[in-house]
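Pasted below: final.txt, compact mmCIF, C-alpha atoms.
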# COMPACT_ATOMS: atom_id res chain seq x y z
CA MET N 128 -42.10 20.75 36.18
CA LYS N 129 -41.61 22.87 33.10
CA ILE N 130 -44.51 23.83 30.84
CA ALA N 131 -43.96 25.43 27.44
CA VAL N 132 -46.51 27.58 25.58
CA CYS N 133 -46.27 28.71 21.95
CA ALA N 134 -46.06 32.50 22.02
CA LYS N 135 -46.19 35.43 19.61
CA GLU N 136 -43.90 37.52 21.76
CA LYS N 137 -41.68 37.23 24.81
CA GLY N 138 -42.97 36.83 28.35
CA MET N 139 -46.01 35.62 30.22
CA GLU N 140 -48.27 38.39 28.93
CA SER N 141 -47.67 37.50 25.28
CA ILE N 142 -50.57 36.16 23.24
CA ALA N 143 -50.31 32.43 22.60
CA ASP N 144 -49.23 31.65 19.02
CA ASP N 145 -51.60 29.92 16.59
CA ARG N 146 -48.95 27.48 15.38
CA PHE N 147 -46.67 25.00 17.09
CA GLY N 148 -43.61 24.18 14.98
CA ARG N 149 -43.39 27.66 13.52
CA ALA N 150 -44.32 29.66 16.61
CA GLU N 151 -42.15 32.73 17.19
CA TYR N 152 -41.24 31.87 20.77
CA TYR N 153 -41.84 29.36 23.52
CA VAL N 154 -42.44 30.71 27.00
CA ILE N 155 -41.32 28.08 29.48
CA PHE N 156 -42.87 28.24 32.93
CA ASP N 157 -41.32 26.40 35.86
CA THR N 158 -44.11 25.37 38.26
CA ASP N 159 -41.64 24.68 41.09
CA GLU N 160 -39.80 27.97 40.95
CA ARG N 161 -42.81 29.98 39.68
CA GLY N 162 -40.51 31.64 37.13
CA SER N 163 -40.54 31.82 33.33
CA GLU N 164 -38.06 32.17 30.50
CA THR N 165 -38.63 32.84 26.79
CA VAL N 166 -36.86 30.71 24.20
CA GLU N 167 -36.67 31.81 20.59
CA ASN N 168 -37.91 29.10 18.22
CA THR N 169 -34.84 28.34 16.13
CA ALA N 170 -36.89 25.81 14.10
CA LYS N 171 -39.47 28.26 12.77
CA GLY N 172 -37.74 28.90 9.44
CA GLU N 173 -36.95 25.27 8.64
CA PRO N 174 -38.04 24.21 5.15
CA ALA N 175 -39.50 21.02 6.59
CA GLY N 176 -39.71 19.18 9.90
CA ALA N 177 -40.02 22.25 12.10
CA GLY N 178 -42.32 20.45 14.55
CA GLY N 179 -39.86 17.67 15.37
CA SER N 180 -37.01 20.12 15.61
CA ALA N 181 -39.02 22.32 18.00
CA VAL N 182 -39.84 19.34 20.22
CA ARG N 183 -36.15 18.52 20.43
CA LEU N 184 -35.37 22.13 21.36
CA LEU N 185 -37.97 22.06 24.15
CA SER N 186 -36.67 18.73 25.42
CA LYS N 187 -33.21 20.27 25.77
CA HIS N 188 -34.86 22.79 28.12
CA ASP N 189 -36.34 19.92 30.17
CA VAL N 190 -39.91 20.73 29.14
CA GLU N 191 -42.37 17.99 30.12
CA VAL N 192 -45.66 19.54 29.06
CA VAL N 193 -46.27 21.62 25.96
CA LEU N 194 -49.42 23.65 25.35
CA VAL N 195 -50.21 23.96 21.65
CA PRO N 196 -52.89 25.23 19.27
CA GLU N 197 -52.45 22.19 17.02
CA LEU N 198 -50.01 19.36 16.41
CA GLY N 199 -49.14 17.61 13.14
CA PRO N 200 -48.47 13.87 12.81
CA LYS N 201 -44.67 14.17 12.81
CA ALA N 202 -44.74 16.46 15.84
CA VAL N 203 -47.03 14.01 17.68
CA ASP N 204 -44.47 11.25 17.09
CA ALA N 205 -41.74 13.57 18.36
CA VAL N 206 -43.71 14.56 21.49
CA ASN N 207 -44.21 10.86 22.26
CA GLY N 208 -40.58 10.06 21.46
CA PHE N 209 -39.34 12.73 23.85
CA GLU N 210 -41.87 11.55 26.48
CA MET N 211 -43.63 14.87 26.72
CA LYS N 212 -47.34 15.53 27.00
CA ALA N 213 -49.15 17.94 24.72
CA PHE N 214 -52.38 19.77 25.52
CA ARG N 215 -54.43 21.82 23.12
CA TYR N 216 -55.79 25.32 23.62
CA ALA N 217 -58.58 26.65 21.44
CA ASP N 218 -58.67 30.30 22.49
CA ARG N 219 -55.76 32.59 21.91
CA LYS N 220 -55.34 34.17 25.29
CA THR N 221 -52.14 35.23 27.02
CA VAL N 222 -49.50 32.70 28.00
CA ARG N 223 -50.37 33.26 31.66
CA GLU N 224 -54.08 32.55 31.05
CA THR N 225 -53.27 29.50 28.92
CA ILE N 226 -51.14 28.01 31.69
CA ALA N 227 -53.90 28.75 34.20
CA ALA N 228 -56.39 26.93 31.94
CA TYR N 229 -54.06 23.92 31.82
CA GLN N 230 -53.63 23.91 35.59
CA ALA N 231 -57.40 24.10 36.03
CA GLY N 232 -57.70 20.97 33.89
CA ASP N 233 -59.54 22.78 31.08
CA LEU N 234 -57.24 21.70 28.22
CA GLN N 235 -57.54 18.42 26.32
CA GLN N 236 -54.52 16.16 25.97
CA ILE N 237 -53.49 15.43 22.38
CA GLU N 238 -53.08 11.74 21.64
CA THR N 239 -53.22 11.83 17.84
CA SER N 240 -52.52 14.51 15.28
CA THR N 241 -54.89 17.46 15.07
CA THR N 242 -53.88 18.45 11.55
CA LYS N 243 -52.87 16.86 8.29
CA SER N 244 -49.27 16.37 7.34
CA HIS N 245 -47.84 19.24 5.31
CA SER N 246 -44.47 20.14 3.86
CA GLY N 247 -42.76 23.40 4.50
CA LEU N 248 -44.15 26.74 5.45
CA ARG N 249 -47.76 26.21 4.47
CA ARG N 250 -50.39 27.18 7.02
CA ALA N 251 -52.61 24.38 8.23
CA MET V 78 -26.43 20.49 -26.89
CA LYS V 79 -28.62 20.64 -23.79
CA ILE V 80 -31.42 23.20 -23.96
CA ALA V 81 -33.52 23.87 -20.87
CA ILE V 82 -36.91 25.50 -21.18
CA LEU V 83 -37.86 27.10 -17.90
CA SER V 84 -39.88 29.89 -16.33
CA GLY V 85 -40.30 31.53 -13.00
CA LYS V 86 -44.07 31.50 -13.03
CA GLY V 87 -46.09 28.40 -13.89
CA GLY V 88 -48.40 28.36 -16.90
CA THR V 89 -46.26 30.60 -19.10
CA GLY V 90 -45.69 28.03 -21.82
CA LYS V 91 -42.71 25.84 -20.90
CA THR V 92 -44.30 22.66 -22.15
CA THR V 93 -45.77 24.32 -25.23
CA LEU V 94 -42.33 25.60 -26.16
CA ALA V 95 -40.41 22.46 -25.26
CA THR V 96 -42.66 20.05 -27.11
CA ASN V 97 -43.07 22.26 -30.19
CA LEU V 98 -39.36 23.06 -30.47
CA PHE V 99 -38.64 19.35 -30.20
CA LYS V 100 -41.29 18.39 -32.74
CA THR V 101 -40.21 21.14 -35.13
CA LYS V 102 -36.55 20.14 -34.88
CA ASN V 103 -37.62 16.51 -35.27
CA ALA V 104 -34.37 15.36 -33.66
CA GLY V 105 -32.82 14.74 -30.27
CA ILE V 106 -34.55 13.70 -27.07
CA LEU V 107 -37.04 15.48 -24.87
CA ILE V 108 -37.02 14.94 -21.12
CA ASP V 109 -39.81 16.29 -18.95
CA VAL V 110 -38.21 16.87 -15.55
CA ASP V 111 -41.17 18.74 -14.06
CA VAL V 112 -41.72 15.57 -12.05
CA GLU V 113 -44.43 16.97 -9.80
CA GLU V 114 -46.71 17.37 -12.78
CA PRO V 115 -45.14 16.09 -15.99
CA ASN V 116 -47.28 16.82 -19.04
CA SER V 117 -45.11 16.78 -22.19
CA HIS V 118 -46.22 13.22 -22.86
CA LEU V 119 -49.84 14.39 -23.07
CA PHE V 120 -48.92 16.29 -26.24
CA LEU V 121 -46.25 14.02 -27.72
CA LYS V 122 -48.27 10.88 -26.91
CA PRO V 123 -45.39 8.42 -26.82
CA LEU V 124 -45.75 4.67 -26.63
CA ILE V 125 -44.13 3.88 -23.28
CA LEU V 126 -41.49 1.21 -23.68
CA GLU V 127 -39.77 1.26 -20.33
CA ARG V 128 -40.47 2.13 -16.71
CA ILE V 129 -37.68 2.51 -14.17
CA THR V 130 -38.40 2.75 -10.45
CA ILE V 131 -36.46 5.50 -8.67
CA LYS V 132 -35.41 4.84 -5.13
CA LYS V 133 -34.01 7.04 -2.43
CA GLY V 134 -32.18 6.10 0.75
CA TYR V 135 -33.11 6.81 4.35
CA PRO V 136 -31.37 5.97 7.61
CA VAL V 137 -32.26 3.00 9.79
CA VAL V 138 -30.83 3.05 13.30
CA ASN V 139 -29.70 -0.06 15.14
CA PRO V 140 -31.15 0.32 18.67
CA GLU V 141 -28.71 -2.29 20.03
CA THR V 142 -25.64 -0.12 19.46
CA CYS V 143 -27.12 3.41 19.42
CA THR V 144 -26.18 5.40 22.53
CA LEU V 145 -28.68 8.23 21.80
CA CYS V 146 -25.78 10.68 21.76
CA GLY V 147 -27.62 13.00 19.37
CA ALA V 148 -24.83 13.46 16.81
CA CYS V 149 -27.11 12.39 13.92
CA GLY V 150 -29.79 14.92 14.84
CA ASP V 151 -27.23 17.68 15.28
CA PHE V 152 -25.87 16.97 11.81
CA CYS V 153 -29.11 16.65 9.85
CA ARG V 154 -30.17 19.93 8.24
CA TYR V 155 -33.55 18.56 7.21
CA ASN V 156 -34.87 17.32 10.58
CA ALA V 157 -35.15 13.83 9.11
CA ILE V 158 -33.56 12.13 12.08
CA LEU V 159 -34.50 13.01 15.62
CA PRO V 160 -32.74 11.42 18.59
CA ALA V 161 -35.50 11.20 21.22
CA LYS V 162 -35.43 9.88 24.79
CA LYS V 163 -35.37 6.14 24.21
CA LYS V 164 -35.03 5.78 20.46
CA VAL V 165 -34.14 7.70 17.34
CA LEU V 166 -37.09 8.82 15.24
CA VAL V 167 -36.62 8.81 11.47
CA TYR V 168 -38.82 10.70 8.99
CA PRO V 169 -37.91 9.03 5.65
CA GLU V 170 -39.78 11.58 3.49
CA LEU V 171 -37.69 14.44 4.92
CA CYS V 172 -34.38 12.65 4.26
CA HIS V 173 -32.27 13.98 1.38
CA ASP V 174 -30.19 10.79 1.32
CA CYS V 175 -26.92 12.64 1.96
CA GLY V 176 -25.39 10.02 4.25
CA GLY V 177 -24.22 12.63 6.75
CA CYS V 178 -25.86 11.07 9.81
CA GLN V 179 -24.12 7.79 9.01
CA LEU V 180 -20.75 9.59 9.00
CA ALA V 181 -21.59 11.53 12.16
CA CYS V 182 -22.59 8.45 14.15
CA PRO V 183 -19.73 7.52 16.51
CA THR V 184 -20.96 3.96 17.08
CA ASP V 185 -21.64 3.08 13.43
CA SER V 186 -25.29 2.38 14.22
CA ILE V 187 -26.82 3.81 11.03
CA GLN V 188 -27.43 1.91 7.81
CA TYR V 189 -29.31 3.18 4.77
CA GLN V 190 -32.26 1.45 3.17
CA ASN V 191 -34.05 2.35 -0.04
CA ARG V 192 -37.65 3.19 -0.73
CA THR V 193 -39.46 4.06 -3.95
CA ILE V 194 -40.19 7.75 -4.55
CA GLY V 195 -41.23 7.74 -8.20
CA ASN V 196 -40.76 6.45 -11.72
CA VAL V 197 -39.10 7.35 -14.97
CA PHE V 198 -40.98 6.47 -18.14
CA SER V 199 -39.48 6.45 -21.58
CA GLY V 200 -40.90 5.77 -24.98
CA LYS V 201 -41.17 6.80 -28.61
CA THR V 202 -43.57 9.07 -30.42
CA GLU V 203 -45.35 7.99 -33.57
CA SER V 204 -42.64 9.63 -35.66
CA GLY V 205 -39.92 7.79 -33.73
CA LEU V 206 -38.71 10.59 -31.43
CA THR V 207 -37.60 9.57 -27.94
CA ILE V 208 -39.16 11.13 -24.87
CA ALA V 209 -38.67 10.41 -21.19
CA TYR V 210 -40.37 11.84 -18.15
CA GLY V 211 -40.33 11.48 -14.42
CA ASP V 212 -43.24 11.10 -12.06
CA LEU V 213 -42.87 11.77 -8.33
CA LEU V 214 -45.18 9.80 -6.05
CA VAL V 215 -47.85 11.80 -4.24
CA GLY V 216 -46.73 12.92 -0.79
CA GLU V 217 -43.03 12.92 -1.57
CA VAL V 218 -41.10 16.07 -0.78
CA SER V 219 -38.30 16.13 -3.33
CA GLY V 220 -38.10 14.94 -6.92
CA VAL V 221 -34.43 15.80 -7.32
CA PRO V 222 -33.24 12.14 -7.51
CA ILE V 223 -35.67 11.54 -10.40
CA ILE V 224 -34.48 14.67 -12.21
CA GLU V 225 -30.87 13.64 -11.74
CA HIS V 226 -31.67 10.21 -13.15
CA LEU V 227 -33.23 11.74 -16.28
CA ARG V 228 -30.24 14.06 -16.71
CA ARG V 229 -27.74 11.20 -16.33
CA MET V 230 -29.74 9.04 -18.73
CA THR V 231 -29.37 11.66 -21.47
CA ASP V 232 -25.92 12.94 -20.55
CA LYS V 233 -24.25 11.61 -23.70
CA GLU V 234 -27.03 12.62 -26.11
CA PRO V 235 -26.06 15.28 -28.66
CA LEU V 236 -29.36 17.19 -28.44
CA VAL V 237 -31.65 17.26 -25.40
CA PHE V 238 -34.68 19.47 -24.76
CA ILE V 239 -35.37 19.77 -21.05
CA ASP V 240 -38.89 20.74 -19.98
CA SER V 241 -38.04 22.12 -16.53
CA PRO V 242 -40.04 22.67 -13.35
CA PRO V 243 -41.29 26.20 -12.63
CA GLY V 244 -39.67 28.37 -10.00
CA THR V 245 -36.07 28.57 -8.84
CA ALA V 246 -35.91 25.86 -6.16
CA CYS V 247 -33.67 22.77 -5.89
CA SER V 248 -35.60 20.91 -8.57
CA THR V 249 -35.02 23.70 -11.11
CA VAL V 250 -31.33 23.85 -10.28
CA ALA V 251 -31.07 20.07 -10.80
CA ALA V 252 -32.88 20.44 -14.12
CA ILE V 253 -30.66 23.16 -15.58
CA GLU V 254 -27.22 22.49 -14.14
CA ASP V 255 -24.63 22.31 -16.93
CA VAL V 256 -27.06 23.00 -19.78
CA ASP V 257 -25.72 24.89 -22.78
CA TYR V 258 -28.65 27.21 -23.23
CA ALA V 259 -31.75 28.24 -21.29
CA ILE V 260 -34.94 29.50 -22.88
CA ILE V 261 -37.09 31.48 -20.49
CA ALA V 262 -40.79 31.23 -21.22
CA ALA V 263 -42.29 34.45 -19.90
CA GLU V 264 -45.59 36.23 -20.09
CA PRO V 265 -45.88 40.01 -20.15
CA THR V 266 -47.70 40.42 -16.85
CA PRO V 267 -46.45 41.90 -13.57
CA PHE V 268 -46.36 38.40 -12.00
CA GLY V 269 -44.60 37.01 -15.06
CA VAL V 270 -41.88 39.64 -14.96
CA SER V 271 -41.39 39.41 -11.21
CA ASP V 272 -40.88 35.63 -11.32
CA MET V 273 -38.75 35.87 -14.45
CA LYS V 274 -36.30 38.16 -12.65
CA MET V 275 -35.52 35.38 -10.17
CA VAL V 276 -34.87 32.97 -13.04
CA VAL V 277 -32.51 35.44 -14.72
CA GLU V 278 -30.63 35.81 -11.44
CA LEU V 279 -30.40 32.02 -11.06
CA LEU V 280 -29.15 31.53 -14.63
CA ARG V 281 -26.55 34.26 -14.24
CA SER V 282 -25.24 32.75 -11.02
CA LEU V 283 -24.81 29.46 -12.92
CA SER V 284 -23.28 31.26 -15.95
CA ILE V 285 -25.83 29.81 -18.35
CA GLU V 286 -26.50 31.60 -21.64
CA MET V 287 -30.14 32.55 -21.99
CA GLY V 288 -32.83 33.99 -24.22
CA VAL V 289 -36.46 34.91 -23.68
CA VAL V 290 -39.60 33.84 -25.51
CA ILE V 291 -42.47 36.15 -24.70
CA ASN V 292 -45.62 34.11 -24.72
CA LYS V 293 -49.18 35.44 -24.77
CA ALA V 294 -47.77 38.67 -26.19
CA GLY V 295 -50.32 41.44 -26.38
CA LEU V 296 -51.66 40.75 -22.91
CA GLY V 297 -50.48 42.59 -19.83
CA ASP V 298 -48.14 45.55 -20.09
CA GLN V 299 -44.76 46.72 -21.41
CA GLU V 300 -42.68 46.03 -18.29
CA ILE V 301 -41.15 42.84 -19.67
CA TYR V 302 -39.80 44.66 -22.74
CA GLU V 303 -38.28 47.39 -20.60
CA TYR V 304 -36.74 44.79 -18.30
CA CYS V 305 -35.25 42.77 -21.18
CA LYS V 306 -33.78 45.95 -22.62
CA GLU V 307 -32.31 47.10 -19.32
CA GLU V 308 -30.81 43.68 -18.65
CA ASN V 309 -29.68 43.19 -22.22
CA LEU V 310 -31.69 39.98 -22.58
CA LYS V 311 -32.24 38.58 -26.03
CA ILE V 312 -35.88 38.16 -27.06
CA LEU V 313 -35.87 35.06 -29.26
CA ALA V 314 -39.50 35.28 -30.30
CA GLU V 315 -42.88 36.64 -29.35
CA ILE V 316 -45.89 34.39 -29.50
CA PRO V 317 -49.11 36.36 -29.61
CA PHE V 318 -51.97 35.53 -27.30
CA SER V 319 -54.50 33.56 -29.30
CA LYS V 320 -57.69 31.80 -28.32
CA ASP V 321 -57.14 29.37 -31.18
CA TYR V 322 -53.78 28.37 -29.70
CA ALA V 323 -55.38 27.94 -26.29
CA LYS V 324 -58.15 25.77 -27.70
CA SER V 325 -55.70 23.59 -29.57
CA TYR V 326 -53.47 23.24 -26.50
CA ALA V 327 -56.42 22.39 -24.27
CA SER V 328 -57.34 19.48 -26.51
CA GLY V 329 -53.78 18.14 -26.52
CA GLY V 330 -52.87 19.46 -29.96
CA MET V 331 -49.41 20.36 -31.20
CA LEU V 332 -49.42 24.01 -32.25
CA CYS V 333 -46.57 23.57 -34.72
CA GLU V 334 -48.70 21.10 -36.66
CA ALA V 335 -51.91 23.13 -36.58
CA PHE V 336 -50.51 26.60 -37.20
CA PRO V 337 -47.80 27.23 -39.84
CA GLU V 338 -46.98 30.69 -38.43
CA PHE V 339 -46.35 29.08 -35.02
CA ARG V 340 -44.01 26.57 -36.59
CA GLU V 341 -42.09 29.47 -38.15
CA LYS V 342 -41.65 30.98 -34.70
CA MET V 343 -40.21 27.69 -33.47
CA GLU V 344 -37.79 27.58 -36.41
CA GLN V 345 -36.81 31.16 -35.65
CA VAL V 346 -35.99 30.22 -32.03
CA LEU V 347 -34.07 27.10 -33.02
CA ASP V 348 -32.02 28.97 -35.62
CA GLN V 349 -30.84 31.44 -33.02
CA ILE V 350 -29.79 28.78 -30.54
CA ILE V 351 -28.56 25.74 -32.40
CA LYS V 352 -25.55 26.58 -34.49
CA ASP V 353 -24.04 23.70 -36.39
Before anything else, please render the file you have as structure tokens.
Amino acid sequence: MKIAVCAKEKGMESIADDRFGRAEYYVIFDTDERGSETVENTAKGEPAGAGGSAVRLLSKHDVEVVLVPELGPKAVDAVNGFEMKAFRYADRKTVRETIAAYQAGDLQQIETSTTKSHSGLRRA
Amino acid sequence: MKIAILSGKGGTGKTTLATNLFKTKNAGILIDVDVEEPNSHLFLKPLILERITIKKGYPVVNPETCTLCGACGDFCRYNAILPAKKKVLVYPELCHDCGGCQLACPTDSIQYQNRTIGNVFSGKTESGLTIAYGDLLVGEVSGVPIIEHLRRMTDKEPLVFIDSPPGTACSTVAAIEDVDYAIIAAEPTPFGVSDMKMVVELLRSLSIEMGVVINKAGLGDQEIYEYCKEENLKILAEIPFSKDYAKSYASGGMLCEAFPEFREKMEQVLDQIIKD
């Protein structure tokens, strides 16, 4: 199974990003092969709808679980539409530690939006 | 003649200029196309005679014939349509109503439906002048269709004053496209000059003739004068900063009626622009 984490930089030792749709990178960890790859977030500069676009990007990489700091209403719809699961992290640790927290069952699954809808590049 | 009054920065006096030029000229039509926060009508106080609902299209996907091929999502530049696993998600408020997804769909599964995004109001002032303004509904992303409606409505009019939105985004471009003259309302502050530079660049790229009215003159610094000189920009008038003007404005007053010297400034601007 593939797990994606929002990341500031490339690789497993990067600090997790504090945004989802406009994160710099996604580090995708494959739990079967124990390997990771970093995908640049091509949606981060979108004027609007970055969250949905990012979910589509992750789906193309066969991601099933995404670990996020927050998720807006449109992104929640997209996560559901692409049949992924989203879990929320509160602390900004490394990607490796965030995945470990998920595997230990310490992260809460997101069922509804954690932020208000916003347009464009505004911070939540 | 179509005259747009615009500014880079907000709060530099677009509406003050637009409404007072209009009132001083006592002819033509004024349209307020700053549809996110129209305010010309607060000063001109028209009796509203007509309201038109403005609608905008968005795609609706037929799940019976859609093969989830993804062509619509690949085409859309605004992330308004998202082909997911079992159905296509549509975000109507992100849609620019371009029709591209419908063309891209190989199975002809997309139809457009309309939804209301705002209104256009038009009416007459006490002295019989016509004014129209647009009002975008809260939560909507783009007021461009409303602006385009106001522009089309007044396309054949001989004299139109256009109170434009601030900034240099899509809505400003829609407001000023094909105007004959642009008046830049600018204030002599570092922010004012910085934002004005973007407007000058925009107007030049659209080949629109322009002039500058320096509002709140006496505040700030000299940078705006140096910039206008360097760029060979015509200063049409300077309106001094005045607490009396601010008080009158804040209570909805028309400066050209309360202050004769202000009216003279408006006449001075009009004389330089409108040549008949």
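Of the listed residues V:Leu166, V:Val256, V:Ile106, V:Val276, the one whose atoms come nearest to chain N is V:Leu166, with distances taken using all atoms listed in the file.
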Selection: 7 Å around region 203-216 of chain N, only C-alpha atoms, excl. self and same-chain fewer than 2 positions, as a PyMOL selection string: (chain N and resi 179+182+186+191-201+218+234-237+239-240) or (chain V and resi 161-162)
Of the candidates N:Arg219, N:Lys129, N:Arg149, N:Arg183, which one gets nearest to chain V if we count all atoms listed in the file? N:Arg183
Can you measure CA of Glu278 (chain V) to CA of Glu264 (chain V) for me? One decimal in Å is fine. 17.3 Å
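The residues of chain V lying at most 10 Å from chain N, with only C-alpha atoms taken into account, are V:Gly150, V:Arg154, V:Tyr155, V:Asn156, V:Ala157, V:Ile158, V:Leu159, V:Pro160, V:Ala161, V:Lys162, V:Lys163, V:Lys164, V:Val165, V:Leu166, V:Val167, V:Tyr168, V:Glu170, V:Leu171, V:Gly216, V:Glu217, V:Val218.
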Repair of region 211-223 of chain N at the level of N, CA and C atoms, as a PDB file, keeping the file's coordinate frame:
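Final output, part-v1.pdb:
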ATOM      1  N   MET N 211     -42.933  13.681  26.241  1.00  0.00           N
ATOM      2  CA  MET N 211     -43.630  14.870  26.720  1.00  0.00           C
ATOM      3  C   MET N 211     -45.132  14.614  26.619  1.00  0.00           C
ATOM      4  N   LYS N 212     -45.885  15.552  27.185  1.00  0.00           N
ATOM      5  CA  LYS N 212     -47.340  15.530  27.000  1.00  0.00           C
ATOM      6  C   LYS N 212     -47.737  16.828  26.335  1.00  0.00           C
ATOM      7  N   ALA N 213     -48.681  16.739  25.399  1.00  0.00           N
ATOM      8  CA  ALA N 213     -49.150  17.940  24.720  1.00  0.00           C
ATOM      9  C   ALA N 213     -50.624  18.158  25.018  1.00  0.00           C
ATOM     10  N   PHE N 214     -50.980  19.403  25.279  1.00  0.00           N
ATOM     11  CA  PHE N 214     -52.380  19.770  25.520  1.00  0.00           C
ATOM     12  C   PHE N 214     -52.740  20.895  24.575  1.00  0.00           C
ATOM     13  N   ARG N 215     -54.009  20.889  24.157  1.00  0.00           N
ATOM     14  CA  ARG N 215     -54.430  21.820  23.120  1.00  0.00           C
ATOM     15  C   ARG N 215     -55.263  22.968  23.692  1.00  0.00           C
ATOM     16  N   TYR N 216     -54.923  24.182  23.271  1.00  0.00           N
ATOM     17  CA  TYR N 216     -55.790  25.320  23.620  1.00  0.00           C
ATOM     18  C   TYR N 216     -56.522  25.782  22.363  1.00  0.00           C
ATOM     19  N   ALA N 217     -57.770  26.206  22.569  1.00  0.00           N
ATOM     20  CA  ALA N 217     -58.580  26.650  21.440  1.00  0.00           C
ATOM     21  C   ALA N 217     -58.568  28.169  21.344  1.00  0.00           C
ATOM     22  N   ASP N 218     -58.615  28.837  22.493  1.00  0.00           N
ATOM     23  CA  ASP N 218     -58.670  30.300  22.490  1.00  0.00           C
ATOM     24  C   ASP N 218     -57.263  30.849  22.542  1.00  0.00           C
ATOM     25  N   ARG N 219     -57.066  31.961  21.855  1.00  0.00           N
ATOM     26  CA  ARG N 219     -55.760  32.590  21.910  1.00  0.00           C
ATOM     27  C   ARG N 219     -55.761  33.671  22.968  1.00  0.00           C
ATOM     28  N   LYS N 220     -55.432  33.244  24.171  1.00  0.00           N
ATOM     29  CA  LYS N 220     -55.340  34.170  25.290  1.00  0.00           C
ATOM     30  C   LYS N 220     -53.865  34.439  25.557  1.00  0.00           C
ATOM     31  N   THR N 221     -53.545  35.017  26.702  1.00  0.00           N
ATOM     32  CA  THR N 221     -52.140  35.230  27.020  1.00  0.00           C
ATOM     33  C   THR N 221     -51.527  33.908  27.485  1.00  0.00           C
ATOM     34  N   VAL N 222     -50.220  33.877  27.523  1.00  0.00           N
ATOM     35  CA  VAL N 222     -49.500  32.700  28.000  1.00  0.00           C
ATOM     36  C   VAL N 222     -49.923  32.391  29.439  1.00  0.00           C
ATOM     37  N   ARG N 223     -49.994  33.429  30.246  1.00  0.00           N
ATOM     38  CA  ARG N 223     -50.370  33.260  31.660  1.00  0.00           C
ATOM     39  C   ARG N 223     -51.752  32.610  31.785  1.00  0.00           C
TER      40      ARG N 223
END
